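I have placed the structure first, in the form of C-alpha cells, so that the comments after it can refer back to it.
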Number of protein chains: 2
Amino acid sequence: MSELDWIAVDWGTSSLRAWGIDREGTVLWEERSDRGMGGLAPDEFEPAFLTLVGDHLGPGPIEAIACGMVGARQGWVEAGYRAVPCHPLDPEMTRAPTKDPRLQVRIIGGLSQASPADVMRGEETQIAGFLATSPRFDGVICLPGTHTKWVHVSAGEVVSFQTCMTGDLFAAIAGHTVLRHSVQTEDWDDAAFAEAVDDAVSRPEKLAARLFSLRAEGLLSGLAPGAARARLSGALVGAELAATRPYWLGQPIAIIGAGGISKLYARALESLGNTPSRAAGDAMVLKGLAAARALSQGQSA
Amino acid sequence: MSELDWIAVDWGTSSLRAWGIDREGTVLWEERSDRGMGGLAPDEFEPAFLTLVGDHLGPGPIEAIACGMVGARQGWVEAGYRAVPCHPLDPEMTRAPTKDPRLQVRIIGGLSQASPADVMRGEETQIAGFLATSPRFDGVICLPGTHTKWVHVSAGEVVSFQTCMTGDLFAAIAGHTVLRHSVQTEDWDDAAFAEAVDDAVSRPEKLAARLFSLRAEGLLSGLAPGAARARLSGALVGAELAATRPYWLGQPIAIIGAGGISKLYARALESLGNTPSRAAGDAMVLKGLAAARALSQGQSA
C-alpha cells in the first residue's frame, strides 16, 4: 500500500472533510465529520482534526492543507483576505498553531474586493481547481450555494466577484416567514420554476409584490406546495440573475457546485440564452487543494 | 357611571385587545392580553375572551364585534373573504359559537382579490375607520407592518390591493441569515436608510446584489451595525416602493399605522416626491369596529 504524503482538508461552517493523498496524487482514504468551524472554539480545532485523521498518522510530521471557514477570524487561525485582482491561491498560506508534532497545518486565505465590498473564503480553492483543469478559461465562474459567487476570471486571475445570498434568503423565507405554511414540501414543479425565473428577470422591480401571492393563492385557489416552493426559488434565482446580468451576459459561464443546485442554475441560464459548462464542487476542491500544495512547493499545479 | 353597550375587539395573531363602549360611543375601559389567535385552538377563544372581559359583564347579553386573525380558518370561526371591489365592511358578519349566555360575538370578514391573488384580514376594519372620518377620500391607503397593504380606495369602496411582506422579510433576514451578525443593534442611521431607499427605487434589479455587501463591509471596513440595519430596511422598503409604484405614483396617500413605521414609510415616500397624510392605526381600528356595529344595526357610521 502506498504511503501517505499529505492531507487535503475542506473545513466549512458545518462540516469537515479530509482526504489522505500519496506522492502520485492518489486519494488513499477520505474521512468526514459534522464538526464544522461554526461549533468550535479556536483551541478545539486541533483535537477535532486529530479525532478525524489520527489513526492515519505515522510518527513523522505530515502536512495538511485546509480551505474554508477554518481560516475565518473565529476559526483555527485567521488566514487573511487578499485583494482582487489576484491569483486565486496564496503561495504562502497561514500556519495554524499545533501541539502534536505529527501535524503541520496550513490554511488558504480568502479573497476580498474593496468596491463593491465583497469577500469569499473556500470558493477561491474551487476556482483554482477549475483553473488547474482549464488554465485558459476566460469568463465567469458561478458557484451556487448559500452565498452564490459570480467570479470574473481572466488570464488565470480573479478579476472581480459578486456574492448573492440567494440560498440563505430562500432558507430564511421558507422557514421563518408566513410562506412557511405554503412551501413546506419536497415536491417541485419545473415549469413553475422556469416561469418565475423568466418573470423575475424581465420585471425585477416586481419582486417585493410577488412573494405574498404564494400564500394568497394557497388560501384562495389551493396552489400546490411544490409549485409554491419552485416559484419562490425561481423568484429569488431570477432576482439574482437580474442583479448579476452584467457579469454573465455574453460570457462563457462555468458552474461549479453540487448536482442539484448546479442543474437549477444551468436551467435558469439556459432559458436566458446562455449554455454554461458544469464541474463538480467536490472534485474542484480537491484539485484546488493539490494546486495550493504544488504552488507552495514551487511546482506548477 | 354610564352603562356598557357593546365591546370592540381587535384580535390578531399575537395579541388581543378589547374596549368597552357605552351608548354614546365613549370608551369605558380597555383590556389587553398576549393570547393571540396564533396560540389558541378553536374552543379556547371563548374562555380566553371571558378571562379578559368577564369582570365587565352584567347578566344580560352583550354584543362583541371582532376583527383580525380571529376570523381566519384556524381562528374562533372562519369569517370568509369578500371579493373586491366592495365596501370594506360586511353588514352581516359571522357569528362565533359561544356557550356563555352573556356573550354574543360577531366577526368581521376579510377581503380577497382573485388576480393578482391577495388577501387581507383586519386591515379592512382600519380602512373603514379611516373612511368614516374621511368619507370622500379617493386615493391609496398604505398600512405598513409585517405584511404591508397598499389599497386603492374610491367612492367608499376598496377597488384593489397589493400586499408586500416587507416586515416579515426584514425579520427573517435580520434574524436568520448571515446578516444577523451585521444588523443586531437598536441603532439607526437615517441617512443610510434614505440612501438605500433611493438606490433600491432607482435600480430595483440590483436588490439581490446589495444584501451581502452589508456583511462584507462589516468585515472589511467596520460598517456600523446601525448603518447596516438602516440600509437593510431601506433596501427592502425601497424594493416595495419600486414594486408598488403603479399604486402610489401621483395619488393622494394616507398611511395608517403605528408611529415609528409610519414615519419611515412617510419619509421614504417624501423622498420620492409624495407627501402622505397619516392616521394612527389604533384609532382607526376602533372607529372601524364602531362603523361595523353601526352598519349591522342599519345606522350610518
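Letters for chains follow the order of the C-alpha cells (A, B, ...), residue numbers begin at 1 for each chain, and ligand numbers begin at 1 in the order shown.
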At most 9 Å to chain B: residues in chain A, only C-alpha atoms, as a PDB file with N, CA and C atoms, in the first residue's frame:
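Wrote it out as part.pdb, contents follow:
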```pdb
ATOM      1  N   SER A 112     -10.783  39.254  -1.144  1.00  0.00           N
ATOM      2  CA  SER A 112     -11.653  40.393  -0.834  1.00  0.00           C
ATOM      3  C   SER A 112     -11.690  41.354  -2.012  1.00  0.00           C
ATOM      4  N   GLN A 113     -12.708  42.164  -2.026  1.00  0.00           N
ATOM      5  CA  GLN A 113     -12.875  43.202  -3.056  1.00  0.00           C
ATOM      6  C   GLN A 113     -13.323  44.456  -2.325  1.00  0.00           C
ATOM      7  N   ALA A 114     -12.679  45.585  -2.637  1.00  0.00           N
ATOM      8  CA  ALA A 114     -12.968  46.802  -1.871  1.00  0.00           C
ATOM      9  C   ALA A 114     -14.302  47.418  -2.284  1.00  0.00           C
ATOM     10  N   PRO A 116     -17.567  47.031  -5.309  1.00  0.00           N
ATOM     11  CA  PRO A 116     -18.413  46.900  -4.130  1.00  0.00           C
ATOM     12  C   PRO A 116     -17.803  45.902  -3.140  1.00  0.00           C
ATOM     13  N   ALA A 117     -17.938  46.195  -1.839  1.00  0.00           N
ATOM     14  CA  ALA A 117     -17.340  45.360  -0.810  1.00  0.00           C
ATOM     15  C   ALA A 117     -17.817  43.922  -0.949  1.00  0.00           C
ATOM     16  N   ASP A 118     -16.868  42.978  -0.929  1.00  0.00           N
ATOM     17  CA  ASP A 118     -17.247  41.579  -1.026  1.00  0.00           C
ATOM     18  C   ASP A 118     -16.104  40.712  -0.507  1.00  0.00           C
ATOM     19  N   VAL A 119     -16.448  39.520  -0.073  1.00  0.00           N
ATOM     20  CA  VAL A 119     -15.435  38.563   0.409  1.00  0.00           C
ATOM     21  C   VAL A 119     -15.820  37.159  -0.040  1.00  0.00           C
ATOM     22  N   HIS A 147     -24.342  31.223  -0.272  1.00  0.00           N
ATOM     23  CA  HIS A 147     -23.915  32.535  -0.764  1.00  0.00           C
ATOM     24  C   HIS A 147     -23.278  32.322  -2.128  1.00  0.00           C
ATOM     25  N   GLN A 162     -18.931  38.895  -7.219  1.00  0.00           N
ATOM     26  CA  GLN A 162     -20.193  39.402  -6.667  1.00  0.00           C
ATOM     27  C   GLN A 162     -20.891  38.267  -5.927  1.00  0.00           C
ATOM     28  N   THR A 163     -21.233  38.501  -4.672  1.00  0.00           N
ATOM     29  CA  THR A 163     -21.950  37.495  -3.893  1.00  0.00           C
ATOM     30  C   THR A 163     -23.436  37.809  -3.846  1.00  0.00           C
ATOM     31  N   CYS A 164     -24.277  36.794  -4.054  1.00  0.00           N
ATOM     32  CA  CYS A 164     -25.719  36.918  -3.839  1.00  0.00           C
ATOM     33  C   CYS A 164     -26.124  35.857  -2.826  1.00  0.00           C
ATOM     34  N   MET A 165     -26.788  36.287  -1.752  1.00  0.00           N
ATOM     35  CA  MET A 165     -27.076  35.332  -0.673  1.00  0.00           C
ATOM     36  C   MET A 165     -28.406  34.596  -0.914  1.00  0.00           C
ATOM     37  N   THR A 166     -28.578  34.110  -2.122  1.00  0.00           N
ATOM     38  CA  THR A 166     -29.856  33.534  -2.543  1.00  0.00           C
ATOM     39  C   THR A 166     -30.260  32.299  -1.738  1.00  0.00           C
ATOM     40  N   ASP A 168     -29.292  31.465   1.276  1.00  0.00           N
ATOM     41  CA  ASP A 168     -29.539  31.942   2.639  1.00  0.00           C
ATOM     42  C   ASP A 168     -30.932  32.594   2.725  1.00  0.00           C
ATOM     43  N   LEU A 169     -31.259  33.421   1.722  1.00  0.00           N
ATOM     44  CA  LEU A 169     -32.582  34.061   1.679  1.00  0.00           C
ATOM     45  C   LEU A 169     -33.688  33.027   1.533  1.00  0.00           C
ATOM     46  N   ALA A 171     -33.760  29.916   2.466  1.00  0.00           N
ATOM     47  CA  ALA A 171     -33.961  29.181   3.722  1.00  0.00           C
ATOM     48  C   ALA A 171     -34.665  30.051   4.761  1.00  0.00           C
ATOM     49  N   ALA A 172     -34.280  31.321   4.852  1.00  0.00           N
ATOM     50  CA  ALA A 172     -34.895  32.218   5.841  1.00  0.00           C
ATOM     51  C   ALA A 172     -36.364  32.468   5.509  1.00  0.00           C
ATOM     52  N   ILE A 173     -36.667  32.683   4.230  1.00  0.00           N
ATOM     53  CA  ILE A 173     -38.045  32.979   3.836  1.00  0.00           C
ATOM     54  C   ILE A 173     -38.916  31.728   3.938  1.00  0.00           C
ATOM     55  N   GLY A 175     -38.452  29.213   5.840  1.00  0.00           N
ATOM     56  CA  GLY A 175     -38.531  28.685   7.192  1.00  0.00           C
ATOM     57  C   GLY A 175     -39.070  29.653   8.230  1.00  0.00           C
ATOM     58  N   HIS A 176     -38.982  30.964   7.976  1.00  0.00           N
ATOM     59  CA  HIS A 176     -39.250  31.935   9.032  1.00  0.00           C
ATOM     60  C   HIS A 176     -40.162  33.086   8.632  1.00  0.00           C
ATOM     61  N   THR A 177     -40.922  32.953   7.554  1.00  0.00           N
ATOM     62  CA  THR A 177     -41.950  33.951   7.243  1.00  0.00           C
ATOM     63  C   THR A 177     -43.273  33.206   7.086  1.00  0.00           C
ATOM     64  N   VAL A 178     -44.336  33.957   6.785  1.00  0.00           N
ATOM     65  CA  VAL A 178     -45.657  33.353   6.605  1.00  0.00           C
ATOM     66  C   VAL A 178     -45.641  32.317   5.469  1.00  0.00           C
ATOM     67  N   VAL A 201     -36.661  37.974 -14.060  1.00  0.00           N
ATOM     68  CA  VAL A 201     -35.628  38.612 -14.876  1.00  0.00           C
ATOM     69  C   VAL A 201     -36.227  39.716 -15.737  1.00  0.00           C
ATOM     70  N   ARG A 203     -39.100  41.448 -15.111  1.00  0.00           N
ATOM     71  CA  ARG A 203     -39.645  42.568 -14.330  1.00  0.00           C
ATOM     72  C   ARG A 203     -39.088  42.534 -12.912  1.00  0.00           C
ATOM     73  N   PRO A 204     -37.783  42.765 -12.757  1.00  0.00           N
ATOM     74  CA  PRO A 204     -37.149  42.610 -11.439  1.00  0.00           C
ATOM     75  C   PRO A 204     -37.717  43.568 -10.388  1.00  0.00           C
ATOM     76  N   GLU A 205     -38.283  44.699 -10.834  1.00  0.00           N
ATOM     77  CA  GLU A 205     -38.800  45.670  -9.870  1.00  0.00           C
ATOM     78  C   GLU A 205     -40.041  45.149  -9.166  1.00  0.00           C
ATOM     79  N   LYS A 206     -40.601  44.013  -9.621  1.00  0.00           N
ATOM     80  CA  LYS A 206     -41.837  43.490  -9.038  1.00  0.00           C
ATOM     81  C   LYS A 206     -41.584  42.481  -7.908  1.00  0.00           C
ATOM     82  N   LEU A 207     -40.316  42.200  -7.610  1.00  0.00           N
ATOM     83  CA  LEU A 207     -40.013  41.132  -6.647  1.00  0.00           C
ATOM     84  C   LEU A 207     -40.817  41.233  -5.361  1.00  0.00           C
ATOM     85  N   ALA A 208     -40.826  42.418  -4.745  1.00  0.00           N
ATOM     86  CA  ALA A 208     -41.469  42.574  -3.437  1.00  0.00           C
ATOM     87  C   ALA A 208     -42.967  42.305  -3.502  1.00  0.00           C
ATOM     88  N   ALA A 209     -43.556  42.452  -4.687  1.00  0.00           N
ATOM     89  CA  ALA A 209     -45.001  42.255  -4.828  1.00  0.00           C
ATOM     90  C   ALA A 209     -45.355  40.799  -5.147  1.00  0.00           C
ATOM     91  N   ARG A 210     -44.340  39.962  -5.404  1.00  0.00           N
ATOM     92  CA  ARG A 210     -44.629  38.601  -5.856  1.00  0.00           C
ATOM     93  C   ARG A 210     -44.777  37.596  -4.723  1.00  0.00           C
ATOM     94  N   LEU A 211     -44.071  37.827  -3.637  1.00  0.00           N
ATOM     95  CA  LEU A 211     -43.919  36.746  -2.665  1.00  0.00           C
ATOM     96  C   LEU A 211     -45.221  36.411  -1.949  1.00  0.00           C
ATOM     97  N   PHE A 212     -45.948  37.442  -1.479  1.00  0.00           N
ATOM     98  CA  PHE A 212     -47.148  37.140  -0.691  1.00  0.00           C
ATOM     99  C   PHE A 212     -48.213  36.425  -1.515  1.00  0.00           C
ATOM    100  N   SER A 213     -48.167  36.588  -2.845  1.00  0.00           N
ATOM    101  CA  SER A 213     -49.181  35.920  -3.683  1.00  0.00           C
ATOM    102  C   SER A 213     -49.083  34.400  -3.548  1.00  0.00           C
ATOM    103  N   LEU A 214     -47.910  33.880  -3.177  1.00  0.00           N
ATOM    104  CA  LEU A 214     -47.789  32.427  -2.979  1.00  0.00           C
ATOM    105  C   LEU A 214     -48.698  31.983  -1.833  1.00  0.00           C
ATOM    106  N   ARG A 215     -48.724  32.784  -0.793  1.00  0.00           N
ATOM    107  CA  ARG A 215     -49.604  32.490   0.348  1.00  0.00           C
ATOM    108  C   ARG A 215     -51.075  32.682  -0.050  1.00  0.00           C
ATOM    109  N   ALA A 216     -51.360  33.804  -0.716  1.00  0.00           N
ATOM    110  CA  ALA A 216     -52.746  34.121  -1.074  1.00  0.00           C
ATOM    111  C   ALA A 216     -53.317  33.082  -2.038  1.00  0.00           C
ATOM    112  N   GLU A 217     -52.519  32.644  -3.015  1.00  0.00           N
ATOM    113  CA  GLU A 217     -53.017  31.621  -3.946  1.00  0.00           C
ATOM    114  C   GLU A 217     -53.242  30.300  -3.236  1.00  0.00           C
ATOM    115  N   LEU A 219     -54.319  30.068  -0.141  1.00  0.00           N
ATOM    116  CA  LEU A 219     -55.584  30.223   0.584  1.00  0.00           C
ATOM    117  C   LEU A 219     -56.785  30.256  -0.361  1.00  0.00           C
ATOM    118  N   LEU A 220     -56.646  30.937  -1.484  1.00  0.00           N
ATOM    119  CA  LEU A 220     -57.806  31.185  -2.344  1.00  0.00           C
ATOM    120  C   LEU A 220     -58.027  30.093  -3.381  1.00  0.00           C
ATOM    121  N   SER A 221     -56.945  29.522  -3.911  1.00  0.00           N
ATOM    122  CA  SER A 221     -57.151  28.573  -5.004  1.00  0.00           C
ATOM    123  C   SER A 221     -56.317  27.315  -4.866  1.00  0.00           C
ATOM    124  N   LEU A 236     -36.287  34.100  -6.518  1.00  0.00           N
ATOM    125  CA  LEU A 236     -35.016  34.525  -5.919  1.00  0.00           C
ATOM    126  C   LEU A 236     -33.842  34.298  -6.871  1.00  0.00           C
ATOM    127  N   VAL A 237     -33.834  33.154  -7.561  1.00  0.00           N
ATOM    128  CA  VAL A 237     -32.759  32.903  -8.536  1.00  0.00           C
ATOM    129  C   VAL A 237     -32.887  33.915  -9.683  1.00  0.00           C
ATOM    130  N   ALA A 239     -34.141  36.955  -9.475  1.00  0.00           N
ATOM    131  CA  ALA A 239     -33.670  38.254  -8.967  1.00  0.00           C
ATOM    132  C   ALA A 239     -32.144  38.290  -8.975  1.00  0.00           C
ATOM    133  N   GLU A 240     -31.524  37.154  -8.645  1.00  0.00           N
ATOM    134  CA  GLU A 240     -30.062  37.075  -8.676  1.00  0.00           C
ATOM    135  C   GLU A 240     -29.534  37.251 -10.103  1.00  0.00           C
ATOM    136  N   LEU A 241     -30.183  36.587 -11.052  1.00  0.00           N
ATOM    137  CA  LEU A 241     -29.720  36.682 -12.441  1.00  0.00           C
ATOM    138  C   LEU A 241     -29.931  38.087 -12.997  1.00  0.00           C
ATOM    139  N   ALA A 242     -30.997  38.761 -12.549  1.00  0.00           N
ATOM    140  CA  ALA A 242     -31.205  40.152 -12.968  1.00  0.00           C
ATOM    141  C   ALA A 242     -30.096  41.039 -12.401  1.00  0.00           C
ATOM    142  N   ALA A 243     -29.732  40.801 -11.149  1.00  0.00           N
ATOM    143  CA  ALA A 243     -28.719  41.640 -10.490  1.00  0.00           C
ATOM    144  C   ALA A 243     -27.321  41.384 -11.042  1.00  0.00           C
ATOM    145  N   THR A 244     -27.063  40.144 -11.486  1.00  0.00           N
ATOM    146  CA  THR A 244     -25.707  39.802 -11.930  1.00  0.00           C
ATOM    147  C   THR A 244     -25.575  39.813 -13.453  1.00  0.00           C
TER     148      THR A 244
END
```
**Request:** as JSON, numbers by chain, list the residues of segment 158-233 of chain B assigned to helix (DSSP H, G or I) by DSSP on the backbone atoms of this structure.
**Result:** {"B": [166, 167, 168, 169, 170, 171, 172, 173, 174, 175, 176, 180, 181, 182, 183, 190, 191, 192, 193, 194, 195, 196, 197, 198, 199, 200, 201, 202, 204, 205, 206, 207, 208, 209, 210, 211, 212, 213, 214, 215, 216, 217, 218, 219, 220, 221, 225, 226, 227, 228, 229, 230, 231, 232, 233]}
**Prompt:** If you measure from atom CA of Ser296 of chain B to atom CA of Pro91 of chain B, what distance in Å do you get, rounded to one decimal?
**Reply:** 4.9 Å
Find the spatial neighbours of Thr125 of chain A, counting only C-alpha atoms, within a cut-off of 8 Å - ignore same-chain residues fewer than 2 positions away - and output them as a compact mmCIF listing (two decimals) with N, CA and C atoms, in the first residue's frame.
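Output file around.txt follows:
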```
# COMPACT_ATOMS: atom_id res chain seq x y z
N CYS A 67 -8.81 24.53 3.43
CA CYS A 67 -9.50 25.71 2.92
C CYS A 67 -10.86 25.83 3.60
N PRO A 88 -6.01 33.08 -7.58
CA PRO A 88 -6.91 32.62 -6.52
C PRO A 88 -6.18 32.07 -5.29
N LEU A 89 -4.95 31.61 -5.43
CA LEU A 89 -4.28 31.00 -4.28
C LEU A 89 -3.10 31.81 -3.81
N ILE A 108 -5.45 28.14 3.60
CA ILE A 108 -5.53 29.02 2.43
C ILE A 108 -6.38 30.25 2.77
N GLY A 122 -13.00 29.87 0.64
CA GLY A 122 -13.30 28.49 0.25
C GLY A 122 -13.48 28.38 -1.25
N GLU A 123 -14.27 29.31 -1.81
CA GLU A 123 -14.52 29.27 -3.26
C GLU A 123 -13.24 29.50 -4.05
N ILE A 127 -12.07 27.56 -7.43
CA ILE A 127 -11.71 28.29 -8.66
C ILE A 127 -10.32 27.85 -9.12
N ALA A 128 -9.38 27.74 -8.17
CA ALA A 128 -8.03 27.30 -8.52
C ALA A 128 -8.06 25.88 -9.08
N GLY A 129 -8.90 25.02 -8.52
CA GLY A 129 -9.04 23.66 -9.03
C GLY A 129 -9.56 23.66 -10.46
N MET A 284 -13.43 19.87 -7.59
CA MET A 284 -12.69 21.13 -7.73
C MET A 284 -11.98 21.51 -6.43
N VAL A 285 -12.61 21.22 -5.29
CA VAL A 285 -11.95 21.49 -4.00
C VAL A 285 -10.64 20.70 -3.91
N GLY A 288 -8.06 21.96 -6.20
CA GLY A 288 -7.57 23.26 -5.75
C GLY A 288 -6.61 23.12 -4.58
N LEU A 289 -6.91 22.20 -3.67
CA LEU A 289 -6.00 21.96 -2.54
C LEU A 289 -4.67 21.41 -3.06
N ALA A 292 -2.74 24.22 -4.44
CA ALA A 292 -2.15 25.04 -3.37
C ALA A 292 -0.86 24.39 -2.85
```
**Asked** In terms of the shortest atom-to-atom distance over only C-alpha atoms, which of A:Asp5, A:Glu195, A:Glu44, A:Asp282 is closest to Gly257 of chain A?
**Response** A:Asp282
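Remark: for Gly54 of chain A, the closest of the candidate residues A:Ala280, A:Ala294, A:Leu103, A:Leu16 is A:Leu103 (distances computed over only C-alpha atoms).
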**Message:** From a backbone DSSP assignment, name each residue in segment 39-264 of chain A labelled strand (DSSP E), as JSON, numbers by chain.
**Reply:** {"A": [62, 63, 64, 65, 66, 67, 81, 82, 83, 94, 95, 96, 103, 104, 105, 106, 107, 110, 111, 112, 113, 118, 119, 120, 139, 140, 141, 142, 143, 148, 149, 150, 151, 152, 153, 154, 157, 158, 159, 160, 161, 162, 163, 164, 253, 254, 255, 256, 257]}
